[in-house]
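*Asks:* Take this structure, written in structure tokens, and hold onto it; I'll ask about it next.
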Amino acid sequence: MNKDRQPEPLDFFIWTVEDVGLWLEEIKLGSYRQVFEDNGVNGEYLESLSMFTTEQILRFIRRCHMKWGDFIILCKELRRIKVACLKGEQEVYQPWWAPSCLSLIFTKVAKRNRESRVVSLKLEP
């Protein structure tokens with residue numbers, strides 16, 4: 001991810017730990033940035049929060065030393081991003097994670113179908 005630019009909501013579930021830190025700063029929860037980095041909280045982890053049991057949520061809050069109010073803000077902001085993705089209200093950018101030849105194709109398809117969702121491509125060496 002380019003450090004000069006905010007993480008893109010469209011692909012939040014493939015955010016790196018750094019991207020999550022930038023987003024925390026953006027939503028005024030930057031005080032948790034270091035503890036999230038220390039615990040390896042990335043976009044995939046944030047995506048899975050909605051499936052956590054009560055016990056797992058409490059464990060996460062304790063591990064990150066979060067206040068309840070801040071956890072609620074985190075959940076509301078995550079929901080806002082998810083809803084924007086599903087409604088197609090997010091901006092469409094050329095993905096940083098794709099080769100330029102795929103970026104053009106992605107952008108055209110995403111503009112045509114605003115409700116489409118990005119699929120993470122992890123290329124193993």
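Every chain in the structure tokens takes a letter, A first, then B, and so on in the order presented; its residues are numbered from 1, and the ligands are numbered from 1 following the presented order.
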Leaving out Arg33 (chain A) and any residue of its chain fewer than 2 positions from it, which residues lie within 9 Å of it when counting only C-alpha atoms, given as a ChimeraX atom specification?

*Replies:* /A:18,20-22,24-25,29-31,35-38

*Asks:* Give me a file of those residues, with all heavy atoms, as a CSV table (one decimal), in the first residue's frame.

*Replies:*
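Writing done, so here's selection.csv:
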chain,number,residue,atom,x,y,z
A,18,GLU,N,-0.4,-2.6,8.2
A,18,GLU,CA,-0.1,-1.2,8.0
A,18,GLU,C,-1.4,-0.4,7.6
A,18,GLU,O,-1.7,0.7,8.1
A,18,GLU,CB,1.0,-1.0,7.0
A,18,GLU,CG,2.4,-1.0,7.5
A,18,GLU,CD,3.3,-0.6,6.4
A,18,GLU,OE1,2.9,-0.4,5.2
A,18,GLU,OE2,4.5,-0.7,6.7
A,20,VAL,N,-4.5,-1.2,8.2
A,20,VAL,CA,-5.4,-1.2,9.3
A,20,VAL,C,-5.0,0.0,10.2
A,20,VAL,O,-5.8,0.8,10.7
A,20,VAL,CB,-5.5,-2.5,10.1
A,20,VAL,CG1,-6.2,-2.4,11.4
A,20,VAL,CG2,-6.1,-3.6,9.2
A,21,GLY,N,-3.7,0.1,10.4
A,21,GLY,CA,-3.2,1.2,11.2
A,21,GLY,C,-3.5,2.6,10.7
A,21,GLY,O,-4.0,3.5,11.4
A,22,LEU,N,-3.4,2.7,9.4
A,22,LEU,CA,-3.8,4.0,8.7
A,22,LEU,C,-5.3,4.3,8.9
A,22,LEU,O,-5.7,5.4,9.1
A,22,LEU,CB,-3.4,4.0,7.2
A,22,LEU,CG,-1.9,4.0,6.9
A,22,LEU,CD1,-1.7,3.8,5.4
A,22,LEU,CD2,-1.3,5.4,7.3
A,24,LEU,N,-7.2,3.1,11.3
A,24,LEU,CA,-7.5,3.5,12.7
A,24,LEU,C,-7.2,5.0,12.9
A,24,LEU,O,-8.0,5.6,13.7
A,24,LEU,CB,-6.6,2.6,13.6
A,24,LEU,CG,-7.0,1.2,13.8
A,24,LEU,CD1,-5.9,0.4,14.6
A,24,LEU,CD2,-8.4,1.0,14.4
A,25,GLU,N,-6.1,5.5,12.3
A,25,GLU,CA,-5.9,6.9,12.5
A,25,GLU,C,-7.0,7.7,11.9
A,25,GLU,O,-7.4,8.7,12.4
A,25,GLU,CB,-4.5,7.3,11.7
A,25,GLU,CG,-3.3,6.6,12.3
A,25,GLU,CD,-2.8,7.2,13.6
A,25,GLU,OE1,-3.3,8.3,14.0
A,25,GLU,OE2,-2.0,6.6,14.3
A,29,LEU,N,-9.1,6.4,16.0
A,29,LEU,CA,-8.7,5.3,17.0
A,29,LEU,C,-7.2,5.0,16.9
A,29,LEU,O,-6.8,3.9,17.2
A,29,LEU,CB,-9.6,4.1,16.7
A,29,LEU,CG,-11.1,4.2,17.0
A,29,LEU,CD1,-11.8,2.9,16.7
A,29,LEU,CD2,-11.4,4.6,18.5
A,30,GLY,N,-6.5,6.0,16.5
A,30,GLY,CA,-5.0,5.8,16.3
A,30,GLY,C,-4.3,5.3,17.5
A,30,GLY,O,-3.2,4.8,17.4
A,31,SER,N,-4.9,5.6,18.7
A,31,SER,CA,-4.2,5.1,20.0
A,31,SER,C,-4.1,3.6,20.0
A,31,SER,O,-3.2,3.1,20.8
A,31,SER,CB,-4.9,5.7,21.2
A,31,SER,OG,-6.2,5.2,21.2
A,35,VAL,N,-1.0,-1.5,19.2
A,35,VAL,CA,-1.4,-2.8,19.8
A,35,VAL,C,-2.0,-3.7,18.7
A,35,VAL,O,-1.9,-4.9,18.7
A,35,VAL,CB,-2.4,-2.6,21.0
A,35,VAL,CG1,-3.7,-2.1,20.6
A,35,VAL,CG2,-2.5,-3.8,21.8
A,36,PHE,N,-2.7,-3.1,17.7
A,36,PHE,CA,-3.2,-3.8,16.6
A,36,PHE,C,-2.1,-4.4,15.8
A,36,PHE,O,-2.1,-5.6,15.4
A,36,PHE,CB,-4.1,-2.9,15.7
A,36,PHE,CG,-5.6,-2.9,16.1
A,36,PHE,CD1,-5.9,-2.6,17.4
A,36,PHE,CD2,-6.6,-3.2,15.2
A,36,PHE,CE1,-7.3,-2.5,17.8
A,36,PHE,CE2,-7.9,-3.1,15.6
A,36,PHE,CZ,-8.3,-2.8,16.9
A,37,GLU,N,-1.0,-3.6,15.6
A,37,GLU,CA,0.1,-4.1,14.8
A,37,GLU,C,0.8,-5.2,15.6
A,37,GLU,O,1.2,-6.2,15.0
A,37,GLU,CB,1.1,-3.0,14.6
A,37,GLU,CG,0.7,-2.0,13.5
A,37,GLU,CD,1.6,-0.8,13.3
A,37,GLU,OE1,2.8,-0.8,13.9
A,37,GLU,OE2,1.3,0.1,12.6
A,38,ASP,N,1.0,-5.1,16.9
A,38,ASP,CA,1.6,-6.1,17.7
A,38,ASP,C,0.8,-7.4,17.7
A,38,ASP,O,1.4,-8.5,17.8
A,38,ASP,CB,1.7,-5.6,19.2
A,38,ASP,CG,2.7,-4.5,19.4
A,38,ASP,OD1,3.5,-4.2,18.4
A,38,ASP,OD2,2.6,-3.8,20.4

*Asks:* Could you give me, as JSON lines, a per-residue list for region 20-66 of chain A showing, wherever an atom lies at most 12 Å from an atom of region 78-81 of chain A, the closest pair of atoms and their distance in Å to one decimal, using only C-alpha atoms and sorting by chain then residue number from low to high?

*Replies:*
{"residue": "A:Val20", "atom": "CA", "partner": "A:Leu78", "partner_atom": "CA", "distance": 11.1}
{"residue": "A:Trp23", "atom": "CA", "partner": "A:Leu78", "partner_atom": "CA", "distance": 10.2}
{"residue": "A:Leu24", "atom": "CA", "partner": "A:Leu78", "partner_atom": "CA", "distance": 10.7}
{"residue": "A:Ile27", "atom": "CA", "partner": "A:Leu78", "partner_atom": "CA", "distance": 10.2}
{"residue": "A:Gly43", "atom": "CA", "partner": "A:Leu78", "partner_atom": "CA", "distance": 10.1}
{"residue": "A:Glu44", "atom": "CA", "partner": "A:Leu78", "partner_atom": "CA", "distance": 12.0}
{"residue": "A:Tyr45", "atom": "CA", "partner": "A:Leu78", "partner_atom": "CA", "distance": 11.6}
{"residue": "A:Leu46", "atom": "CA", "partner": "A:Leu78", "partner_atom": "CA", "distance": 7.8}
{"residue": "A:Glu47", "atom": "CA", "partner": "A:Leu78", "partner_atom": "CA", "distance": 8.2}
{"residue": "A:Ser48", "atom": "CA", "partner": "A:Leu78", "partner_atom": "CA", "distance": 10.9}
{"residue": "A:Leu49", "atom": "CA", "partner": "A:Leu78", "partner_atom": "CA", "distance": 9.5}
{"residue": "A:Ser50", "atom": "CA", "partner": "A:Arg79", "partner_atom": "CA", "distance": 9.3}

*Asks:* Just list the residues in region 38-89 of chain A DSSP gives alpha helix (DSSP H) on the backbone, as number ranges by chain.

*Replies:* A: 38, 43-48, 54-64, 68-87

*Asks:* Take CA of Ile14 (chain A) and CA of Lys67 (chain A) and report the distance between them in Å, one decimal.

*Replies:* 25.7 Å

*Asks:* Give me, please, the distance in Å between CA of Val17 (chain A) and CA of Glu55 (chain A), quoted to one decimal.

*Replies:*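 Separating CA of Val17 (chain A) from CA of Glu55 (chain A) is a distance of 23.4 Å.
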
*Asks:* State, in Å with one decimal place, the distance from CA of Ala84 (chain A) to CA of Asn39 (chain A).

*Replies:*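 Computing the Euclidean distance for CA of Ala84 (chain A) and CA of Asn39 (chain A) yields 27.0 Å.
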